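Peer 1: If you scroll down you'll find the structure; I have some questions about it.
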Amino acid sequence: MISIRRADPAEAEVLTAISFAAKRYWNYPETFMQLWKDELTITEEYIKKNEVYVVESDRSVVGYFSMIYVPNDKNEGRIFISHGYYLDHMFLSPDLIGQGIGTKCIEFMTKYCRERKRDFVRVLSDPYARGFYKKTGARYIKEMLSNIPGRTVSLFEYHIH
């Protein structure tokens, strides 16, 4: 049994640990982990500024996801980001990957966005997560250059109805 609730800024350290553990699950080289260090580090300020939700099981935080709003089109390194809402992070403790918890997070996010009359949420997907986003109803838009040379990320979009 899991529950989903708003994150507390004091949980930044545990969310950061989950970020790194989940990325390491896919056996990325340490050079990639260093490149992603700032992106995977969740701060109290990030939690205060964005819509961050934790996933709990037996009163322990076992994952989280966050949504951000990008007010204006911008370039993030080699990636062009258009304005709108994004699922910025979604990470689970590695021992829980593949057990349907991510799908529950997407269902929660979709309901949350529907209640706020948001039309869509975009996702820049890690290559290992592409199948998950397709399976949970996201529409593939296109491949985009990654900030890591020779690598791409997939842009997906959830239409909220």
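Identifiers for the structure tokens are assigned positionally: chains receive A, B, ... in sequence, residues are indexed from 1 per chain, and ligands are indexed from 1 in the order shown.
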Mind checking which residues fall within 9 Å of stretch 83-85 of chain A, counting only C-alpha atoms, ignoring those fewer than 2 positions away in the same chain, and posting them as a list in words?

Peer 2: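 Skipping anything fewer than 2 positions along the chain leaves Met67, Ile68, Tyr69, Val70, Pro71, Asn72, Asp73, Lys74, Ile81, Leu87, Asp88, Arg118, Phe120, Val121, Arg122 and Val123 of chain A.
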
Peer 1: How about saving the chosen residues, all heavy atoms kept, as a short mmCIF file (atom, residue, chain, number, x, y, z; two decimals), in the first residue's frame?

Peer 2:
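For reference, again16.cif as written:
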data_model
loop_
_atom_site.label_atom_id
_atom_site.label_comp_id
_atom_site.auth_asym_id
_atom_site.auth_seq_id
_atom_site.Cartn_x
_atom_site.Cartn_y
_atom_site.Cartn_z
N MET A 67 6.67 18.34 -10.60
CA MET A 67 6.24 19.08 -11.78
C MET A 67 6.74 20.50 -11.67
O MET A 67 6.75 21.09 -10.58
CB MET A 67 4.72 19.07 -11.89
CG MET A 67 4.16 17.71 -12.25
SD MET A 67 2.36 17.69 -12.28
CE MET A 67 2.02 17.65 -10.52
N ILE A 68 7.16 21.02 -12.81
CA ILE A 68 7.62 22.41 -12.86
C ILE A 68 6.83 23.13 -13.94
O ILE A 68 6.28 22.51 -14.85
CB ILE A 68 9.13 22.52 -13.13
CG1 ILE A 68 9.49 21.89 -14.49
CG2 ILE A 68 9.94 21.89 -12.00
CD1 ILE A 68 10.90 22.19 -14.96
N TYR A 69 6.80 24.44 -13.83
CA TYR A 69 6.21 25.27 -14.87
C TYR A 69 7.32 26.10 -15.49
O TYR A 69 8.06 26.77 -14.78
CB TYR A 69 5.12 26.18 -14.31
CG TYR A 69 4.51 27.07 -15.36
CD1 TYR A 69 3.72 26.52 -16.37
CD2 TYR A 69 4.76 28.43 -15.39
CE1 TYR A 69 3.18 27.30 -17.37
CE2 TYR A 69 4.21 29.23 -16.38
CZ TYR A 69 3.43 28.66 -17.37
OH TYR A 69 2.89 29.44 -18.37
N VAL A 70 7.43 26.03 -16.80
CA VAL A 70 8.40 26.83 -17.54
C VAL A 70 7.60 27.96 -18.19
O VAL A 70 6.82 27.71 -19.12
CB VAL A 70 9.12 25.96 -18.60
CG1 VAL A 70 10.06 26.81 -19.45
CG2 VAL A 70 9.86 24.80 -17.94
N PRO A 71 7.77 29.21 -17.71
CA PRO A 71 6.93 30.30 -18.21
C PRO A 71 7.27 30.78 -19.62
O PRO A 71 6.41 31.30 -20.32
CB PRO A 71 7.14 31.41 -17.18
CG PRO A 71 8.46 31.11 -16.56
CD PRO A 71 8.64 29.63 -16.61
N ASN A 72 8.53 30.60 -20.01
CA ASN A 72 8.96 31.09 -21.32
C ASN A 72 9.83 30.04 -22.00
O ASN A 72 10.55 29.30 -21.33
CB ASN A 72 9.79 32.38 -21.17
CG ASN A 72 9.00 33.48 -20.50
OD1 ASN A 72 7.94 33.86 -20.97
ND2 ASN A 72 9.53 33.97 -19.39
N ASP A 73 9.80 30.02 -23.33
CA ASP A 73 10.69 29.14 -24.07
C ASP A 73 12.14 29.48 -23.70
O ASP A 73 12.46 30.65 -23.47
CB ASP A 73 10.52 29.35 -25.58
CG ASP A 73 9.14 28.94 -26.08
OD1 ASP A 73 8.36 28.34 -25.31
OD2 ASP A 73 8.84 29.21 -27.26
N LYS A 74 13.00 28.43 -23.65
CA LYS A 74 14.39 28.68 -23.28
C LYS A 74 15.28 27.54 -23.76
O LYS A 74 14.80 26.47 -24.11
CB LYS A 74 14.53 28.85 -21.76
CG LYS A 74 14.20 27.59 -20.97
CD LYS A 74 14.36 27.83 -19.48
CE LYS A 74 14.06 26.57 -18.70
NZ LYS A 74 14.38 26.72 -17.30
N ILE A 81 13.67 24.08 -24.60
CA ILE A 81 12.52 23.78 -23.75
C ILE A 81 11.43 24.80 -24.04
O ILE A 81 11.63 26.00 -23.84
CB ILE A 81 12.90 23.86 -22.24
CG1 ILE A 81 14.12 23.02 -21.92
CG2 ILE A 81 11.70 23.52 -21.37
CD1 ILE A 81 13.90 21.54 -21.99
N LEU A 87 6.77 17.20 -16.22
CA LEU A 87 7.10 16.24 -15.18
C LEU A 87 8.63 16.28 -15.16
O LEU A 87 9.29 15.78 -16.06
CB LEU A 87 6.57 14.85 -15.54
CG LEU A 87 6.91 13.73 -14.56
CD1 LEU A 87 6.33 14.00 -13.18
CD2 LEU A 87 6.40 12.40 -15.10
N ASP A 88 9.17 16.91 -14.14
CA ASP A 88 10.62 17.17 -14.09
C ASP A 88 11.40 15.96 -13.58
O ASP A 88 12.43 15.62 -14.13
CB ASP A 88 10.87 18.38 -13.19
CG ASP A 88 12.28 18.92 -13.28
OD1 ASP A 88 12.86 18.88 -14.39
OD2 ASP A 88 12.80 19.39 -12.26
N ARG A 118 -5.19 21.98 -16.50
CA ARG A 118 -4.00 21.98 -17.34
C ARG A 118 -4.26 21.06 -18.53
O ARG A 118 -4.77 19.96 -18.35
CB ARG A 118 -2.78 21.50 -16.56
CG ARG A 118 -2.45 22.45 -15.42
CD ARG A 118 -1.28 21.95 -14.60
NE ARG A 118 -1.12 22.82 -13.44
CZ ARG A 118 -0.34 22.55 -12.43
NH1 ARG A 118 0.39 21.44 -12.42
NH2 ARG A 118 -0.24 23.39 -11.42
N PHE A 120 -1.93 19.84 -20.79
CA PHE A 120 -0.89 18.85 -21.07
C PHE A 120 0.26 18.98 -20.08
O PHE A 120 0.43 20.00 -19.43
CB PHE A 120 -0.37 19.00 -22.51
CG PHE A 120 0.28 20.33 -22.77
CD1 PHE A 120 1.62 20.54 -22.50
CD2 PHE A 120 -0.46 21.37 -23.29
CE1 PHE A 120 2.22 21.76 -22.73
CE2 PHE A 120 0.12 22.62 -23.52
CZ PHE A 120 1.46 22.81 -23.24
N VAL A 121 1.02 17.91 -19.99
CA VAL A 121 2.26 17.87 -19.22
C VAL A 121 3.29 17.18 -20.11
O VAL A 121 3.01 16.10 -20.65
CB VAL A 121 2.11 17.09 -17.89
CG1 VAL A 121 3.45 16.97 -17.17
CG2 VAL A 121 1.08 17.75 -16.99
N ARG A 122 4.44 17.81 -20.27
CA ARG A 122 5.50 17.22 -21.09
C ARG A 122 6.52 16.51 -20.20
O ARG A 122 6.65 16.82 -19.02
CB ARG A 122 6.20 18.32 -21.88
CG ARG A 122 5.29 18.96 -22.91
CD ARG A 122 6.05 19.95 -23.78
NE ARG A 122 5.14 20.57 -24.70
CZ ARG A 122 4.79 21.85 -24.64
NH1 ARG A 122 5.30 22.66 -23.74
NH2 ARG A 122 3.92 22.34 -25.52
N VAL A 123 7.24 15.59 -20.83
CA VAL A 123 8.29 14.84 -20.14
C VAL A 123 9.48 14.70 -21.08
O VAL A 123 9.30 14.29 -22.23
CB VAL A 123 7.81 13.41 -19.77
CG1 VAL A 123 8.91 12.66 -19.03
CG2 VAL A 123 6.54 13.42 -18.98
#

Peer 1: Give me, as an MDAnalysis selection string, all polymer residues having an atom no more than 6 Å from stretch 48-56 of chain A, counting only C-alpha atoms and skipping those fewer than 4 positions away in the same chain.

Peer 2: chainID A and resid 2:7 60:68

Peer 1: Distance atom CA of A:Leu96-atom CA of A:Glu30, one decimal place?

Peer 2: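 These two atoms are separated by 22.6 Å.
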
Peer 1: Please compute the atom CA of A:Phe108-atom CA of A:Ala12 distance, one decimal, in Å.

Peer 2: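 The value is 20.9 Å.
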
Peer 1: Enter the distance from atom CA of A:Lys37 to atom CA of A:Tyr25, in Å, rounded to one decimal.

Peer 2: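 Distance between the two atoms: 15.5 Å.
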
Peer 1: For a quick check of understanding, using only C-alpha atoms, which of A:Asp95, A:Ile79, A:Asp38, A:Arg139 has the smallest distance to A:Val153?

Peer 2: A:Ile79

Peer 1: Mind checking which residues fall within 12 Å of A:Phe20, counting only C-alpha atoms, ignoring those fewer than 6 positions away in the same chain, and posting them as a VMD selection string?

Peer 2: chain A and resid 13 to 14 26 to 28 30 32 to 42 63 89 to 94

Peer 1: Considering only strand (DSSP E) as DSSP defines it on the backbone, what residues of chain A qualify? List them as number ranges by chain.

Peer 2: A: 2-6, 51-57, 60-70, 74-76, 79-81, 84-92, 120-125, 139-145, 152-159

Peer 1: Output as a ChimeraX atom specification all residues of chain A that backbone DSSP marks as helix (DSSP H, G or I).

Peer 2: /A:9-24,30-35,37-40,44-49,94-96,101-115,127-135

Peer 1: Limited to C-alpha atoms, could you put the picked residues into a file as a JSON list (two decimals), in the first residue's frame?

Peer 2:
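Listing of out_39.json after writing:
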[["chain", "number", "residue", "atom", "x", "y", "z"],
["A", 9, "PRO", "CA", 11.38, 20.77, 2.29],
["A", 10, "ALA", "CA", 13.11, 18.87, 5.11],
["A", 11, "GLU", "CA", 12.94, 15.75, 2.89],
["A", 12, "ALA", "CA", 15.36, 17.15, 0.31],
["A", 13, "GLU", "CA", 18.21, 14.87, 1.36],
["A", 14, "VAL", "CA", 16.19, 11.65, 1.15],
["A", 15, "LEU", "CA", 14.80, 12.67, -2.26],
["A", 16, "THR", "CA", 18.32, 13.36, -3.51],
["A", 17, "ALA", "CA", 19.43, 9.91, -2.33],
["A", 18, "ILE", "CA", 16.52, 8.32, -4.22],
["A", 19, "SER", "CA", 17.43, 10.31, -7.37],
["A", 20, "PHE", "CA", 20.97, 9.00, -7.39],
["A", 21, "ALA", "CA", 20.03, 5.43, -6.45],
["A", 22, "ALA", "CA", 17.41, 5.26, -9.22],
["A", 23, "LYS", "CA", 19.81, 6.62, -11.87],
["A", 24, "ARG", "CA", 22.54, 4.21, -10.74],
["A", 30, "GLU", "CA", 30.13, 7.76, -13.12],
["A", 31, "THR", "CA", 30.98, 10.50, -15.63],
["A", 32, "PHE", "CA", 27.24, 10.80, -16.43],
["A", 33, "MET", "CA", 26.37, 10.83, -12.72],
["A", 34, "GLN", "CA", 28.76, 13.74, -12.21],
["A", 35, "LEU", "CA", 27.22, 15.62, -15.15],
["A", 37, "LYS", "CA", 24.86, 15.99, -10.04],
["A", 38, "ASP", "CA", 23.08, 19.37, -9.91],
["A", 39, "GLU", "CA", 19.99, 18.07, -11.71],
["A", 40, "LEU", "CA", 19.63, 15.08, -9.36],
["A", 44, "GLU", "CA", 14.71, 22.64, 0.08],
["A", 45, "GLU", "CA", 14.30, 25.60, -2.27],
["A", 46, "TYR", "CA", 13.37, 23.29, -5.17],
["A", 47, "ILE", "CA", 10.67, 21.66, -3.03],
["A", 48, "LYS", "CA", 9.31, 25.06, -1.92],
["A", 49, "LYS", "CA", 9.28, 26.44, -5.47],
["A", 94, "PRO", "CA", 15.37, 0.72, -7.22],
["A", 95, "ASP", "CA", 13.83, -2.26, -5.43],
["A", 96, "LEU", "CA", 10.36, -0.91, -6.28],
["A", 101, "ILE", "CA", 4.03, 2.46, -8.35],
["A", 102, "GLY", "CA", 5.14, 4.72, -11.20],
["A", 103, "THR", "CA", 1.79, 4.17, -12.89],
["A", 104, "LYS", "CA", 0.04, 5.28, -9.69],
["A", 105, "CYS", "CA", 2.19, 8.43, -9.71],
["A", 106, "ILE", "CA", 1.14, 9.21, -13.29],
["A", 107, "GLU", "CA", -2.53, 8.64, -12.37],
["A", 108, "PHE", "CA", -2.13, 11.03, -9.42],
["A", 109, "MET", "CA", -0.40, 13.62, -11.61],
["A", 110, "THR", "CA", -3.07, 13.37, -14.31],
["A", 111, "LYS", "CA", -5.90, 13.83, -11.80],
["A", 112, "TYR", "CA", -4.05, 16.72, -10.15],
["A", 113, "CYS", "CA", -3.58, 18.46, -13.52],
["A", 114, "ARG", "CA", -7.16, 17.81, -14.62],
["A", 115, "GLU", "CA", -8.43, 19.47, -11.42],
["A", 127, "PRO", "CA", 16.08, 6.33, -22.66],
["A", 128, "TYR", "CA", 15.32, 3.59, -20.11],
["A", 129, "ALA", "CA", 11.93, 5.18, -19.27],
["A", 130, "ARG", "CA", 10.55, 5.53, -22.81],
["A", 131, "GLY", "CA", 8.51, 2.33, -22.61],
["A", 132, "PHE", "CA", 7.03, 3.37, -19.28],
["A", 133, "TYR", "CA", 5.82, 6.72, -20.59],
["A", 134, "LYS", "CA", 4.31, 5.11, -23.71],
["A", 135, "LYS", "CA", 2.60, 2.46, -21.57]]
